[in-house]
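Data file: entry_2.pdb. Format and content: PDB, N, CA, C and O atoms, pLDDT in the B column.
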ATOM      1  N   MET A 232     115.805 -25.211  33.475  1.00 56.00           N
ATOM      2  CA  MET A 232     115.889 -23.921  32.807  1.00 56.00           C
ATOM      3  C   MET A 232     115.326 -24.065  31.400  1.00 56.00           C
ATOM      4  O   MET A 232     115.566 -25.054  30.719  1.00 56.00           O
ATOM      5  N   THR A 233     114.597 -23.078  30.971  1.00 64.00           N
ATOM      6  CA  THR A 233     114.054 -23.085  29.614  1.00 64.00           C
ATOM      7  C   THR A 233     114.435 -21.783  28.926  1.00 64.00           C
ATOM      8  O   THR A 233     114.741 -20.785  29.566  1.00 64.00           O
ATOM      9  N   ALA A 234     114.403 -21.820  27.614  1.00 66.00           N
ATOM     10  CA  ALA A 234     114.696 -20.617  26.825  1.00 66.00           C
ATOM     11  C   ALA A 234     113.718 -20.557  25.670  1.00 66.00           C
ATOM     12  O   ALA A 234     113.334 -21.585  25.121  1.00 66.00           O
ATOM     13  N   ALA A 235     113.307 -19.363  25.323  1.00 70.00           N
ATOM     14  CA  ALA A 235     112.395 -19.164  24.188  1.00 70.00           C
ATOM     15  C   ALA A 235     113.234 -19.048  22.917  1.00 70.00           C
ATOM     16  O   ALA A 235     113.582 -17.968  22.480  1.00 70.00           O
ATOM     17  N   LEU A 236     113.588 -20.180  22.337  1.00 68.00           N
ATOM     18  CA  LEU A 236     114.478 -20.194  21.182  1.00 68.00           C
ATOM     19  C   LEU A 236     113.758 -19.840  19.884  1.00 68.00           C
ATOM     20  O   LEU A 236     114.398 -19.595  18.874  1.00 68.00           O
ATOM     21  N   HIS A 237     112.429 -19.816  19.906  1.00 72.00           N
ATOM     22  CA  HIS A 237     111.701 -19.497  18.672  1.00 72.00           C
ATOM     23  C   HIS A 237     111.862 -18.038  18.261  1.00 72.00           C
ATOM     24  O   HIS A 237     111.587 -17.668  17.140  1.00 72.00           O
ATOM     25  N   ARG A 238     112.355 -17.189  19.152  1.00 71.00           N
ATOM     26  CA  ARG A 238     112.495 -15.775  18.815  1.00 71.00           C
ATOM     27  C   ARG A 238     113.773 -15.482  18.042  1.00 71.00           C
ATOM     28  O   ARG A 238     113.970 -14.369  17.572  1.00 71.00           O
ATOM     29  N   TYR A 239     114.669 -16.459  17.906  1.00 70.00           N
ATOM     30  CA  TYR A 239     115.909 -16.267  17.163  1.00 70.00           C
ATOM     31  C   TYR A 239     115.711 -16.688  15.712  1.00 70.00           C
ATOM     32  O   TYR A 239     115.046 -17.685  15.438  1.00 70.00           O
ATOM     33  N   PRO A 240     116.294 -15.937  14.777  1.00 74.00           N
ATOM     34  CA  PRO A 240     116.141 -16.291  13.359  1.00 74.00           C
ATOM     35  C   PRO A 240     116.739 -17.671  13.068  1.00 74.00           C
ATOM     36  O   PRO A 240     117.741 -18.058  13.654  1.00 74.00           O
ATOM     37  N   LYS A 241     116.099 -18.392  12.167  1.00 77.00           N
ATOM     38  CA  LYS A 241     116.549 -19.744  11.855  1.00 77.00           C
ATOM     39  C   LYS A 241     117.818 -19.746  11.008  1.00 77.00           C
ATOM     40  O   LYS A 241     118.544 -20.719  10.969  1.00 77.00           O
ATOM     41  N   ASN A 242     118.101 -18.655  10.295  1.00 81.00           N
ATOM     42  CA  ASN A 242     119.268 -18.622   9.421  1.00 81.00           C
ATOM     43  C   ASN A 242     120.533 -18.147  10.135  1.00 81.00           C
ATOM     44  O   ASN A 242     121.569 -18.006   9.515  1.00 81.00           O
ATOM     45  N   LYS A 243     120.462 -17.887  11.442  1.00 79.00           N
ATOM     46  CA  LYS A 243     121.626 -17.463  12.212  1.00 79.00           C
ATOM     47  C   LYS A 243     121.861 -18.476  13.330  1.00 79.00           C
ATOM     48  O   LYS A 243     120.919 -19.077  13.835  1.00 79.00           O
ATOM     49  N   PRO A 244     123.126 -18.656  13.734  1.00 82.00           N
ATOM     50  CA  PRO A 244     123.387 -19.591  14.843  1.00 82.00           C
ATOM     51  C   PRO A 244     122.822 -19.056  16.155  1.00 82.00           C
ATOM     52  O   PRO A 244     122.725 -17.846  16.362  1.00 82.00           O
ATOM     53  N   LEU A 245     122.474 -19.967  17.030  1.00 78.00           N
ATOM     54  CA  LEU A 245     121.947 -19.570  18.332  1.00 78.00           C
ATOM     55  C   LEU A 245     123.044 -18.918  19.164  1.00 78.00           C
ATOM     56  O   LEU A 245     124.221 -19.228  19.007  1.00 78.00           O
ATOM     57  N   PRO A 246     122.665 -18.005  20.065  1.00 78.00           N
ATOM     58  CA  PRO A 246     123.658 -17.390  20.945  1.00 78.00           C
ATOM     59  C   PRO A 246     124.280 -18.447  21.863  1.00 78.00           C
ATOM     60  O   PRO A 246     123.707 -19.505  22.087  1.00 78.00           O
ATOM     61  N   SER A 247     125.428 -18.116  22.408  1.00 84.00           N
ATOM     62  CA  SER A 247     126.103 -19.048  23.312  1.00 84.00           C
ATOM     63  C   SER A 247     125.292 -19.196  24.598  1.00 84.00           C
ATOM     64  O   SER A 247     124.440 -18.369  24.920  1.00 84.00           O
ATOM     65  N   LEU A 248     125.591 -20.253  25.323  1.00 84.00           N
ATOM     66  CA  LEU A 248     124.893 -20.501  26.585  1.00 84.00           C
ATOM     67  C   LEU A 248     125.162 -19.374  27.577  1.00 84.00           C
ATOM     68  O   LEU A 248     124.273 -18.964  28.325  1.00 84.00           O
ATOM     69  N   ASP A 249     126.391 -18.848  27.573  1.00 86.00           N
ATOM     70  CA  ASP A 249     126.711 -17.726  28.461  1.00 86.00           C
ATOM     71  C   ASP A 249     125.827 -16.523  28.158  1.00 86.00           C
ATOM     72  O   ASP A 249     125.355 -15.837  29.058  1.00 86.00           O
ATOM     73  N   GLU A 250     125.600 -16.250  26.877  1.00 81.00           N
ATOM     74  CA  GLU A 250     124.767 -15.113  26.495  1.00 81.00           C
ATOM     75  C   GLU A 250     123.306 -15.350  26.864  1.00 81.00           C
ATOM     76  O   GLU A 250     122.600 -14.432  27.287  1.00 81.00           O
ATOM     77  N   LEU A 251     122.854 -16.584  26.717  1.00 77.00           N
ATOM     78  CA  LEU A 251     121.464 -16.905  27.061  1.00 77.00           C
ATOM     79  C   LEU A 251     121.206 -16.850  28.559  1.00 77.00           C
ATOM     80  O   LEU A 251     120.098 -16.534  28.990  1.00 77.00           O
ATOM     81  N   THR A 252     122.224 -17.178  29.361  1.00 83.00           N
ATOM     82  CA  THR A 252     122.005 -17.253  30.811  1.00 83.00           C
ATOM     83  C   THR A 252     122.389 -15.995  31.566  1.00 83.00           C
ATOM     84  O   THR A 252     122.173 -15.936  32.773  1.00 83.00           O
ATOM     85  N   LYS A 253     122.948 -14.983  30.888  1.00 81.00           N
ATOM     86  CA  LYS A 253     123.305 -13.770  31.629  1.00 81.00           C
ATOM     87  C   LYS A 253     122.029 -13.046  32.059  1.00 81.00           C
ATOM     88  O   LYS A 253     121.001 -13.117  31.377  1.00 81.00           O
ATOM     89  N   PRO A 254     122.057 -12.398  33.210  1.00 79.00           N
ATOM     90  CA  PRO A 254     120.848 -11.758  33.731  1.00 79.00           C
ATOM     91  C   PRO A 254     120.372 -10.619  32.827  1.00 79.00           C
ATOM     92  O   PRO A 254     121.167  -9.962  32.152  1.00 79.00           O
ATOM     93  N   ALA A 255     119.084 -10.431  32.823  1.00 75.00           N
ATOM     94  CA  ALA A 255     118.491  -9.354  32.036  1.00 75.00           C
ATOM     95  C   ALA A 255     118.865  -8.008  32.629  1.00 75.00           C
ATOM     96  O   ALA A 255     119.237  -7.907  33.801  1.00 75.00           O
ATOM     97  N   ARG A 256     118.771  -6.972  31.797  1.00 72.00           N
ATOM     98  CA  ARG A 256     119.044  -5.612  32.301  1.00 72.00           C
ATOM     99  C   ARG A 256     118.045  -5.249  33.380  1.00 72.00           C
ATOM    100  O   ARG A 256     116.875  -5.609  33.301  1.00 72.00           O
ATOM    101  N   SER A 257     118.507  -4.510  34.335  1.00 72.00           N
ATOM    102  CA  SER A 257     117.607  -4.095  35.405  1.00 72.00           C
ATOM    103  C   SER A 257     116.647  -3.018  34.879  1.00 72.00           C
ATOM    104  O   SER A 257     116.875  -2.416  33.839  1.00 72.00           O
ATOM    105  N   ASN A 258     115.616  -2.779  35.633  1.00 74.00           N
ATOM    106  CA  ASN A 258     114.612  -1.787  35.247  1.00 74.00           C
ATOM    107  C   ASN A 258     114.951  -0.403  35.770  1.00 74.00           C
ATOM    108  O   ASN A 258     114.072   0.441  35.918  1.00 74.00           O
ATOM    109  N   GLN A 259     116.223  -0.162  36.047  1.00 78.00           N
ATOM    110  CA  GLN A 259     116.623   1.139  36.548  1.00 78.00           C
ATOM    111  C   GLN A 259     116.536   2.169  35.433  1.00 78.00           C
ATOM    112  O   GLN A 259     116.637   1.852  34.251  1.00 78.00           O
ATOM    113  N   LYS A 260     116.365   3.413  35.841  1.00 84.00           N
ATOM    114  CA  LYS A 260     116.298   4.505  34.894  1.00 84.00           C
ATOM    115  C   LYS A 260     117.641   4.672  34.193  1.00 84.00           C
ATOM    116  O   LYS A 260     118.692   4.548  34.803  1.00 84.00           O
ATOM    117  N   GLN A 261     117.604   4.945  32.897  1.00 83.00           N
ATOM    118  CA  GLN A 261     118.825   5.129  32.117  1.00 83.00           C
ATOM    119  C   GLN A 261     119.493   6.438  32.512  1.00 83.00           C
ATOM    120  O   GLN A 261     118.844   7.473  32.619  1.00 83.00           O
ATOM    121  N   SER A 262     120.807   6.403  32.729  1.00 86.00           N
ATOM    122  CA  SER A 262     121.516   7.617  33.122  1.00 86.00           C
ATOM    123  C   SER A 262     121.673   8.542  31.914  1.00 86.00           C
ATOM    124  O   SER A 262     121.547   8.117  30.762  1.00 86.00           O
ATOM    125  N   THR A 263     121.970   9.797  32.179  1.00 86.00           N
ATOM    126  CA  THR A 263     122.139  10.750  31.078  1.00 86.00           C
ATOM    127  C   THR A 263     123.347  10.389  30.222  1.00 86.00           C
ATOM    128  O   THR A 263     123.317  10.581  29.002  1.00 86.00           O
ATOM    129  N   ASP A 264     124.397   9.836  30.837  1.00 89.00           N
ATOM    130  CA  ASP A 264     125.564   9.408  30.069  1.00 89.00           C
ATOM    131  C   ASP A 264     125.210   8.252  29.138  1.00 89.00           C
ATOM    132  O   ASP A 264     125.673   8.196  28.000  1.00 89.00           O
ATOM    133  N   GLU A 265     124.378   7.322  29.620  1.00 88.00           N
ATOM    134  CA  GLU A 265     123.940   6.200  28.779  1.00 88.00           C
ATOM    135  C   GLU A 265     123.070   6.697  27.630  1.00 88.00           C
ATOM    136  O   GLU A 265     123.184   6.211  26.501  1.00 88.00           O
ATOM    137  N   MET A 266     122.195   7.655  27.910  1.00 89.00           N
ATOM    138  CA  MET A 266     121.347   8.222  26.849  1.00 89.00           C
ATOM    139  C   MET A 266     122.195   8.908  25.789  1.00 89.00           C
ATOM    140  O   MET A 266     121.970   8.725  24.583  1.00 89.00           O
ATOM    141  N   LEU A 267     123.163   9.717  26.227  1.00 90.00           N
ATOM    142  CA  LEU A 267     124.030  10.420  25.292  1.00 90.00           C
ATOM    143  C   LEU A 267     124.800   9.428  24.432  1.00 90.00           C
ATOM    144  O   LEU A 267     124.892   9.594  23.212  1.00 90.00           O
ATOM    145  N   ALA A 268     125.328   8.387  25.038  1.00 92.00           N
ATOM    146  CA  ALA A 268     126.076   7.372  24.285  1.00 92.00           C
ATOM    147  C   ALA A 268     125.177   6.689  23.256  1.00 92.00           C
ATOM    148  O   ALA A 268     125.599   6.429  22.124  1.00 92.00           O
ATOM    149  N   ALA A 269     123.930   6.405  23.636  1.00 91.00           N
ATOM    150  CA  ALA A 269     122.999   5.759  22.708  1.00 91.00           C
ATOM    151  C   ALA A 269     122.690   6.674  21.522  1.00 91.00           C
ATOM    152  O   ALA A 269     122.698   6.233  20.362  1.00 91.00           O
ATOM    153  N   PHE A 270     122.436   7.950  21.787  1.00 92.00           N
ATOM    154  CA  PHE A 270     122.145   8.881  20.702  1.00 92.00           C
ATOM    155  C   PHE A 270     123.364   9.117  19.817  1.00 92.00           C
ATOM    156  O   PHE A 270     123.243   9.238  18.602  1.00 92.00           O
ATOM    157  N   GLN A 271     124.556   9.164  20.413  1.00 93.00           N
ATOM    158  CA  GLN A 271     125.770   9.332  19.618  1.00 93.00           C
ATOM    159  C   GLN A 271     125.999   8.126  18.720  1.00 93.00           C
ATOM    160  O   GLN A 271     126.427   8.274  17.574  1.00 93.00           O
ATOM    161  N   ALA A 272     125.697   6.935  19.218  1.00 94.00           N
ATOM    162  CA  ALA A 272     125.832   5.727  18.406  1.00 94.00           C
ATOM    163  C   ALA A 272     124.853   5.755  17.237  1.00 94.00           C
ATOM    164  O   ALA A 272     125.206   5.389  16.109  1.00 94.00           O
ATOM    165  N   MET A 273     123.614   6.202  17.491  1.00 93.00           N
ATOM    166  CA  MET A 273     122.626   6.296  16.414  1.00 93.00           C
ATOM    167  C   MET A 273     123.055   7.325  15.375  1.00 93.00           C
ATOM    168  O   MET A 273     122.933   7.101  14.171  1.00 93.00           O
ATOM    169  N   LYS A 274     123.585   8.453  15.841  1.00 93.00           N
ATOM    170  CA  LYS A 274     124.047   9.494  14.923  1.00 93.00           C
ATOM    171  C   LYS A 274     125.224   8.998  14.093  1.00 93.00           C
ATOM    172  O   LYS A 274     125.296   9.245  12.892  1.00 93.00           O
ATOM    173  N   ALA A 275     126.153   8.264  14.731  1.00 94.00           N
ATOM    174  CA  ALA A 275     127.309   7.724  14.017  1.00 94.00           C
ATOM    175  C   ALA A 275     126.882   6.698  12.974  1.00 94.00           C
ATOM    176  O   ALA A 275     127.549   6.543  11.948  1.00 94.00           O
ATOM    177  N   ALA A 276     125.763   6.025  13.217  1.00 93.00           N
ATOM    178  CA  ALA A 276     125.254   5.033  12.270  1.00 93.00           C
ATOM    179  C   ALA A 276     124.510   5.691  11.107  1.00 93.00           C
ATOM    180  O   ALA A 276     124.057   5.009  10.198  1.00 93.00           O
ATOM    181  N   GLY A 277     124.367   7.025  11.157  1.00 93.00           N
ATOM    182  CA  GLY A 277     123.744   7.729  10.042  1.00 93.00           C
ATOM    183  C   GLY A 277     122.340   8.240  10.285  1.00 93.00           C
ATOM    184  O   GLY A 277     121.717   8.771   9.370  1.00 93.00           O
ATOM    185  N   ALA A 278     121.828   8.100  11.484  1.00 92.00           N
ATOM    186  CA  ALA A 278     120.482   8.598  11.787  1.00 92.00           C
ATOM    187  C   ALA A 278     120.501  10.130  11.819  1.00 92.00           C
ATOM    188  O   ALA A 278     121.437  10.731  12.355  1.00 92.00           O
ATOM    189  N   PRO A 279     119.491  10.763  11.251  1.00 93.00           N
ATOM    190  CA  PRO A 279     119.450  12.236  11.236  1.00 93.00           C
ATOM    191  C   PRO A 279     119.026  12.789  12.597  1.00 93.00           C
ATOM    192  O   PRO A 279     117.889  13.188  12.804  1.00 93.00           O
ATOM    193  N   ILE A 280     119.955  12.793  13.541  1.00 89.00           N
ATOM    194  CA  ILE A 280     119.666  13.214  14.918  1.00 89.00           C
ATOM    195  C   ILE A 280     120.456  14.470  15.238  1.00 89.00           C
ATOM    196  O   ILE A 280     121.646  14.561  14.949  1.00 89.00           O
ATOM    197  N   LYS A 281     119.779  15.432  15.841  1.00 90.00           N
ATOM    198  CA  LYS A 281     120.435  16.654  16.327  1.00 90.00           C
ATOM    199  C   LYS A 281     120.452  16.547  17.852  1.00 90.00           C
ATOM    200  O   LYS A 281     119.419  16.566  18.506  1.00 90.00           O
ATOM    201  N   ILE A 282     121.657  16.419  18.416  1.00 87.00           N
ATOM    202  CA  ILE A 282     121.799  16.226  19.857  1.00 87.00           C
ATOM    203  C   ILE A 282     122.038  17.584  20.508  1.00 87.00           C
ATOM    204  O   ILE A 282     122.919  18.332  20.115  1.00 87.00           O
ATOM    205  N   ARG A 283     121.195  17.900  21.499  1.00 86.00           N
ATOM    206  CA  ARG A 283     121.378  19.139  22.251  1.00 86.00           C
ATOM    207  C   ARG A 283     121.058  18.859  23.696  1.00 86.00           C
ATOM    208  O   ARG A 283     120.316  17.938  24.022  1.00 86.00           O
ATOM    209  N   ARG A 284     121.605  19.645  24.586  1.00 79.00           N
ATOM    210  CA  ARG A 284     121.395  19.430  26.004  1.00 79.00           C
ATOM    211  C   ARG A 284     120.194  20.261  26.472  1.00 79.00           C
ATOM    212  O   ARG A 284     120.114  21.447  26.205  1.00 79.00           O
ATOM    213  N   VAL A 285     119.270  19.608  27.161  1.00 75.00           N
ATOM    214  CA  VAL A 285     118.093  20.298  27.693  1.00 75.00           C
ATOM    215  C   VAL A 285     118.168  20.222  29.206  1.00 75.00           C
ATOM    216  O   VAL A 285     118.307  19.159  29.785  1.00 75.00           O
ATOM    217  N   ALA A 286     118.093  21.377  29.843  1.00 63.00           N
ATOM    218  CA  ALA A 286     118.223  21.412  31.309  1.00 63.00           C
ATOM    219  C   ALA A 286     116.901  21.251  31.996  1.00 63.00           C
ATOM    220  O   ALA A 286     115.858  21.347  31.570  1.00 63.00           O
TER     221      ALA A 286
END

What is this file in structure tokens?
Amino acid sequence: MTAALHRYPKNKPLPSLDELTKPARSNQKQSTDEMLAAFQAMKAAGAPIKIRRVA
């Protein structure tokens, strides 16, 4: 097994082995609930986002 460790910043500790070996996210389409949660998180972090439902 190999890992591309050069992509991690040198001033931070490397992730745990469990985090490095967990499977990548699937290429499935993001659900509307996941999209809403992502936008709500961005808005809570201070991003100037206006969330509205489009049918």

Spatial neighbours of A:Leu267, max dist 9 Å, only C-alpha atoms, sep filter under 5 positions, as an MDAnalysis selection string = chainID A and resid 262 272 282

As AutoDock Vina command-line options, what would the box around stretch 254-269 of chain A look like: edges along x, y and z, 6 Å added on every side, centre and edge lengths in Å to one decimal?
--center_x 120.1 --center_y -0.8 --center_z 28.5 --size_x 24.0 --size_y 35.1 --size_z 28.2

task = Could you please determine the separation between atom C of A:Lys281 and atom C of A:Lys260 in Å, to one decimal place?
result = 20.4 Å

query = Mind pulling up the distance from atom C of A:Arg284 to atom CA of A:Thr263?
reply = 10.7 Å

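Coordinates place atom CA of A:Pro279 at a distance of 16.2 Å from atom CA of A:Met266.
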
request  = Please report, as an MDAnalysis selection string, each residue of chain A to which DSSP assigns alpha helix (DSSP H) when run on this structure's backbone.
outcome  = chainID A and resid 248:252 263:275

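Taking only C-alpha atoms into account, A:Gln271 lies nearest to A:Arg283 out of the set A:Ala235, A:Ala255, A:Arg283, A:Lys241.
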